[in-house]
Structures are given as structure tokens and as C-alpha cells.
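**Student:** To start, I am sharing the structure in question, which I have written as C-alpha cells.
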Amino acid sequence: MVSYIVTGGTGFLGRRVVASLLERDPQAVVHALVREASVAKLREMAESWGAPDRVFPLVGDLTAPGLGLPVDADGNRELPRADHVVHLGAIYDMTADEDATYAANVAGTRAVIELTTELGAVLHHVSSVAVAGDHKGKFFEDDFDLGQNLNSPYHRTKFEAEKLVRESRELRWRVYRPAIVVGDSRTGEMDKIDGPYYFFAAIDGLAALPSELPVPIPDLGSTNIVPVDYVCAAMVELITKPGLIGRTFHLTNPEPQPFGDIYAALARAAGAPTGIGTVPGSHGALHALGAIPGVPVLRDLVLERLGIPAEVAPHTAFESVFSSDFTRAQLRGTGIEVPAFADYADKLWSYWRANLDPDRARRHDGDPLTGRIVLVTGASSGIGLATAHAVAARGATVLMVARTPEDIEAAAAQVRDRSGAAQAYVCDITDEKSVELLVKQVLADHGHVDYAVNNAGRSIRRSVLNSTDRMHDFERTMAVNYFGAVRLILALLPSMRERRFGHFVNISSIAVQTKVPRFAAYVASKSALDNFSEIAAVENADAGITFTSVRMPLVRTAMIAPTDLYRSIPVHSPEQAADLVVRALEHRPSRIDTPIGTFAQLVDTVMPSVKRAILHQGFRMFGESKAAAAPVAGLTTGDSNAETEPAGRSPLLALAPIVQPLMGLSGGAARFTNAVPGLHW
């Protein structure tokens, strides 16, 4: 019975090697070095391999002294018998810092050497072609220190680790040097974005261009790429082959792979322009440009914008040509060969696009709302309820939020009966704990939120003079319209950034543009939210998080019915208002305005004194609300319909001096203006 100790056995390559060793020898036993937190994961893997009685956790830590293995009362380590130690554990991340990389790759290897020597086993050390550094020309399997420069922590630590192995006098060893390892050539499976995968997003962006477009490709040199299934098969074949002590194996493509060929294969899979070939002399020109002060900084900024770490880009091309003659001779007759990259590029691309593309949540075929998760606050009535109906009818799952359980449950039942999928949630957005619990529950139920509509709002109509003893009016308006909306945005933002997609629609008001009198508290709160969202949109643009402010005009609801003036003004129905919200969800513009609002802003810019005169006249013509003028028996001020109409409903009242003359247009002109979307004359 052959016994193995394996480090890195739960990693992408390691778990494949372990599974293959177990399959190759039904009597083999594997002890995998894992942290305590990974024991359950290892056991799940052993079950999936059909070998729960042949795989055992060896609890420890690659970066701890003595691998963190347990010792008995006399200070001796409790070790299983092992014929072979397969050392796959390492940090392969080019962006990792030097200390972390050294601890795992060098100190960890030193501890593994001590363990292997103590057991009298054979060490199978997984190194990398990175040890070749910047060596130009042929790099043979027996080559090691040829005076090459090592320009990254990864290159330096892999070199130092292999050097420790080679210089260990009592150790029996073999070294395996894979090239850049990509996904499975049969399934495309890969576990993380690394190496050439960082360039996939840029190629995906080019897919928007016509595939026939003649795109010249800069000469970036040549690389060396192998699929993980080849590396695994070759390693297991070589590990189980007798002899070969002190030999090194290059698990590489037999020939260098020009970047132009790699790009062309991926471009075909992506539907992007495949290019017209590399530009002669561009490779040397790019190197020369890199020596000019300031150019590397600009280059790194461009790479970062494309999602490519600056540490990765310089190390995907190799100056060395890796000879693998000895390795291929040992594999001859086994059928284990490196497949051509062009033959499996489409598999890599399909898997990346479906599972690893950081922007995959943004992609959506067909109706942009179908299958999306849309959260709407203030959803028990008015604009919120109409929006819930509209998005549910388009195939979205709408999460309806309001304070009153009975109202929101009834509203959600109505949406389910008439329109589509809906779920009710009770939350007071002015309460921090309530919002925290809402978001936790929503994410537990649905995993994510694609869109959030901040519709809940409060409007107070009262002049500043009559508010001198009513600071609470300003506080409660801000509590709902600003702090409540911001609280929800902040709670949802981390999960949206993790998915690199999300959109917030804030129901603002035309009053933000017109700044009508008697709505100081309301307009200030909505303006605050607008400005917060503009800044948040800039800061989160790289993560695909967007914001729309809908400067909603007057909407006909039950609350405005008692106001006679509103009956003579053409206003939106809740369904028409919901159409504006749906447009914001579909197209995600930064804002949706109305002609009157835009006109008011224009007048404020070019004739501010005229606008102020008009608004002051309106302020004098129309008095306070009944609640502001005199308390109503049994009703506290601030609770009347006129004073607490929902967001976006009542501010047009003070625009009557402008609106009423426009209503005198001839019938034909009026019909024309009313046909223009968003025009409320």
C-alpha cells in the first residue's frame, strides 16, 4: 500500500492530483495537510472521490513552524507513514506581498523538506517555470541558476524554494515546473481569475465591435500556457513512475505561444475582432517606451482601468523557451500530450463568461427586468404599489417594503394575484436596526438585490416662518427622505459591489429643480439625496453600481383629491409614474427630469431674479395648509393630507402662476405638448 502526504491537496490542481492518485491505485492512502477550517471540505471531497476511508486530514499550517503538526508529551511529532510527499501548497498569486509569499513558498518548503527527510520519503516538489526569470533563449529541464533576474516576489520565492530542494543533501527529490496553468481543456473549469484570465474582460469589451474589423495587434511576445488536466495527468504519471530521482520535469507547451495566436483563439470564442496580425517591431518599441519616465505609470493606470493588475501584465510573456524533451520522452506512449490552445479556448471562454466574469451579473438576455430582484420601499400604495405591479408583470421578483404589516401583506397579495412574483417585508427605514434586519433577511432569501427603488418619502408644506418652533418637521423629513434612503443604500452596497452590479432609483421631485416656497424641509431632504447619489455613483462606477434620480412631477393619488387646483392640472397617474420608474430601471440614466423642471433650472441660470419674483408671487397668492394655519381638533399639526403628501405630489401648487397661463394654449397646441413624454402642462 502506497501512502502519500500532500500539501495544497484541496487547491485547484491539488484536488485533481489527489483524486487521480486514488483512482490510479485503489489501495493508496492520502494524508492531506489542511488547516482545521478545511477539514470538512476535505471530507466532502473524499466522499465525492469514493474514498472516505483512504483520505485523512493532517491538521497543520504550511506557514507555521514545523508545519503546525501536533507533538506528543515528549515533544515528538505524531506523523503518519508516507512513501511520498507531494508538495503543491504555495501562494501562486502575482499580486501577493513579499512577506506572505515568502512565508508560504520558502519557509513552507523548508518545513516540508524537514518533514520528508524525517520520514525518509521522496519529495515531489511543484516549482514553476517562473524560476527562469528573464533568461533569454533555451531553458533546459536541468538548468537552474543561470544568472537570471527575478523581478517579482513570486519569481524570487519559487526560485529560493527550488534551491532549498536542490541543495538538500539527504533528500530524494523530483521537481515539476508547470507553465501558466489555465482551466480544464474539456470543461473549461477554473477556480479563480489569474494570469491570462485578467485579459478576458478586455477581450469581452472588444466583442461589441464588428468581428470583421481589421484590428492590428501589438507584439507582446510569447507565453506558455497549459491546461490543468494535462498538468495533473502528467504529474500523476511521473509521480508513480519508479526511479527519476533528482530529475526536473517541464510541464510546458513544447513551443512558445505568441500572444497574437492566444488573442485570436479567444477573440474567435468571444466573437471579437481576431485582428490582422501583430505589428512588426512593436515588441521592441513597447520595451523602449517602458523606459521613458512616466510611461510605466500611465501604462499601469490603463491596465488598472481594464481590470488587469500591474503586477501581472509584465509576467505573462516569457523571454525563455522551455525545453521539455525529457518530460515528453517519459510520457511517450501514455497519450498524455499538451492540446493546442485553439482547440480548447472556447471551453475556457464559456466557463469564464458563465462563472468567473466579474461583470456577469450585468449581462441579461431578453427583457432587462425578467428574473431580476427589485426592492421597492413605500410599496403598499401609490407609486410604490404601481411600480411593484409594473416590474412583476415584466418577470421580476419584487420585494415590497413598508412599515405596516397588514397594508404591505395585502398589497403583495394583490401583486401576486394580478401581476407576478412578490414578497412582503416589514421595515421602518428610519430605524437603523430595522433596515439592517431587512437587508440580512432579503439577502438570505434571495442572495442579492439587483435594483432598489427608494420610493418611501414624506412631504411637509409649511413656510419657514411658521416652522421656527417646529425643528422636528425638518428632522422627520430628513429621517425618511434622506437618512432612510441612504441607510438602505449603504446596507445594500457591499453585496452589490461584490457582484459588480446594482442600480438605485431614488424618487425625487420636480421641486428640487423649481425650489418652490413652503417646501424647504422637503426640497432640502430630496436635494441632499440627489447630491449624495451623484457622488456615490462616481465612486462606485468601476463596480457597475449606478443611480437614477427621478424628479417626479405631480402624481394623482387619493391624497391630492381634496385640492381643487389639482383637478384642473394634467397630472400623472400612479401607473404613469411607475412607467418613469421602469424606464429608470431599464436604461439607468443618471436622472429623469420633466420639461417644466428643466425650464425652471434654465430660468434660474439665466434669469435668477425673474424666477425668484415669480415664486415669491406664488408664495403670496397661496396661503398655508389648514394644518399650518390652525390646528384641527383631534389632529396634531403635521398630520393633515395637505401637509404630509408623499414625495413628489404637492410642490407644483406654488407653480400655479406659471402653469395656469400655459393652460390657455389652443386645443391643438395643448394636445401636442401633452403628447411629449414627461410634459405636464
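By convention here, the chains of the C-alpha cells are called A, B, ... in the order presented, each chain's residues are numbered starting at 1, and ligands are numbered starting at 1 in the order presented.
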So that I can check the surroundings of A:Asn149, please list as an NGL selection string every protein, DNA and RNA residue that reaches within 9 Å of it, counting only C-alpha atoms and ignoring chain neighbours fewer than 4 positions away.

**Tutor:** :A and (132-135 or 156)

**Student:** Could you list, as an mmCIF file with N, CA and C atoms, in the first residue's frame, every residue within 6 Å of A:Val181, counting only C-alpha atoms and ignoring same-chain residues fewer than 5 positions away?

**Tutor:**
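File written: result_22.cif
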data_model
loop_
_atom_site.group_PDB
_atom_site.id
_atom_site.type_symbol
_atom_site.label_atom_id
_atom_site.label_comp_id
_atom_site.auth_asym_id
_atom_site.auth_seq_id
_atom_site.Cartn_x
_atom_site.Cartn_y
_atom_site.Cartn_z
ATOM 1 N N VAL A 226 -0.658 25.913 -20.360
ATOM 2 C CA VAL A 226 -1.058 24.501 -20.358
ATOM 3 C C VAL A 226 -2.344 24.356 -19.557
ATOM 4 N N PRO A 227 -3.236 23.446 -19.953
ATOM 5 C CA PRO A 227 -4.474 23.242 -19.191
ATOM 6 C C PRO A 227 -4.233 22.383 -17.968
ATOM 7 N N VAL A 228 -5.053 22.555 -16.953
ATOM 8 C CA VAL A 228 -4.852 21.870 -15.682
ATOM 9 C C VAL A 228 -4.964 20.363 -15.821
#

**Student:** Which residue is closest to A:Val435? Choose from A:Thr10, A:Thr377, A:Thr248, A:Ser459 and count only C-alpha atoms.

**Tutor:** A:Thr377

**Student:** Select, from A:Pro358, A:Gly384, A:Gly395, A:Gly335, the residue with the minimum atom-to-atom distance to A:Arg497, counting only C-alpha atoms.

**Tutor:** A:Pro358

**Student:** I'd like the contact shell of stretch 104-114 of chain A - 7 Å cut-off, only C-alpha atoms, skipping same-chain residues fewer than 6 positions apart - returned as an mmCIF file with C-alpha atoms, in the first residue's frame.

**Tutor:**
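Writing done, so here's around_14.cif:
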data_model
loop_
_atom_site.group_PDB
_atom_site.id
_atom_site.type_symbol
_atom_site.label_atom_id
_atom_site.label_comp_id
_atom_site.auth_asym_id
_atom_site.auth_seq_id
_atom_site.Cartn_x
_atom_site.Cartn_y
_atom_site.Cartn_z
ATOM 1 C CA LEU A 62 2.148 25.398 5.801
ATOM 2 C CA THR A 63 3.315 28.739 7.195
ATOM 3 C CA GLY A 66 7.107 22.595 11.949
ATOM 4 C CA LEU A 67 4.015 22.864 9.710
ATOM 5 C CA ALA A 90 2.156 27.618 -2.250
ATOM 6 C CA ILE A 91 0.989 31.129 -2.992
ATOM 7 C CA THR A 157 10.313 32.811 -3.754
ATOM 8 C CA LYS A 158 9.748 29.991 -6.247
ATOM 9 C CA GLU A 160 14.505 30.128 -3.453
ATOM 10 C CA ALA A 161 12.154 27.231 -2.690
ATOM 11 C CA LEU A 164 16.345 24.611 -0.990
#

**Student:** With distances taken over only C-alpha atoms, which of A:Leu209, A:Val231, A:Ala393, A:Leu375 is nearest to A:Thr327?

**Tutor:**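 Of all the options, A:Val231 lies closest to A:Thr327.
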
**Student:** Can you list, as a count of residues only, every protein, DNA or RNA residue that comes within 10 Å of A:Ile489 when you count only C-alpha atoms, leaving out same-chain residues fewer than 5 positions away?

**Tutor:** 11

**Student:** Skipping near chain neighbours, those fewer than 2 positions away, what residues fall within 9 Å of A:Leu585 using only C-alpha atoms, listed as a PyMOL selection string?

**Tutor:** chain A and resi 368-369+451+453+503-505+548+580-583+587-589

**Student:** Could you check the closest approach to A:Ala317 for each of A:Arg43, A:Arg166, A:Lys136, A:Arg186 and tell me which residue wins, using only C-alpha atoms?

**Tutor:**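 Among the listed residues, A:Lys136 lies closest to A:Ala317.
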
**Student:** Which residue out of A:Val401, A:Ala584, A:Val236, A:Ile460 has the minimum interatomic distance to A:Asn506 when only C-alpha atoms are used?

**Tutor:** A:Ala584

**Student:** When DSSP works through the backbone of this structure, what residues of stretch 282-490 of chain A end up as strand (DSSP E), shown as a compact mmCIF listing (two decimals) with C-alpha atoms, in the first residue's frame?

**Tutor:**
# COMPACT_ATOMS: atom_id res chain seq x y z
CA SER A 320 12.78 31.85 -22.18
CA VAL A 321 11.94 28.96 -24.48
CA PHE A 322 11.29 25.96 -22.23
CA ILE A 373 -34.70 41.06 -7.91
CA VAL A 374 -36.26 44.52 -7.41
CA LEU A 375 -36.76 46.01 -3.94
CA VAL A 376 -39.31 48.84 -3.61
CA THR A 377 -39.88 50.86 -0.43
CA THR A 397 -39.41 39.30 -8.37
CA VAL A 398 -40.49 42.39 -6.46
CA LEU A 399 -39.65 42.75 -2.77
CA MET A 400 -42.27 45.10 -1.35
CA VAL A 401 -41.30 47.07 1.75
CA ALA A 402 -43.47 49.20 4.05
CA ALA A 422 -43.95 39.47 -4.98
CA GLN A 423 -42.86 39.14 -1.37
CA ALA A 424 -43.72 41.44 1.51
CA TYR A 425 -41.20 42.77 4.03
CA VAL A 426 -41.94 44.98 7.02
CA TYR A 451 -32.41 47.06 -8.18
CA ALA A 452 -33.60 49.13 -5.22
CA VAL A 453 -36.26 51.82 -5.57
CA ASN A 454 -36.21 54.39 -2.76
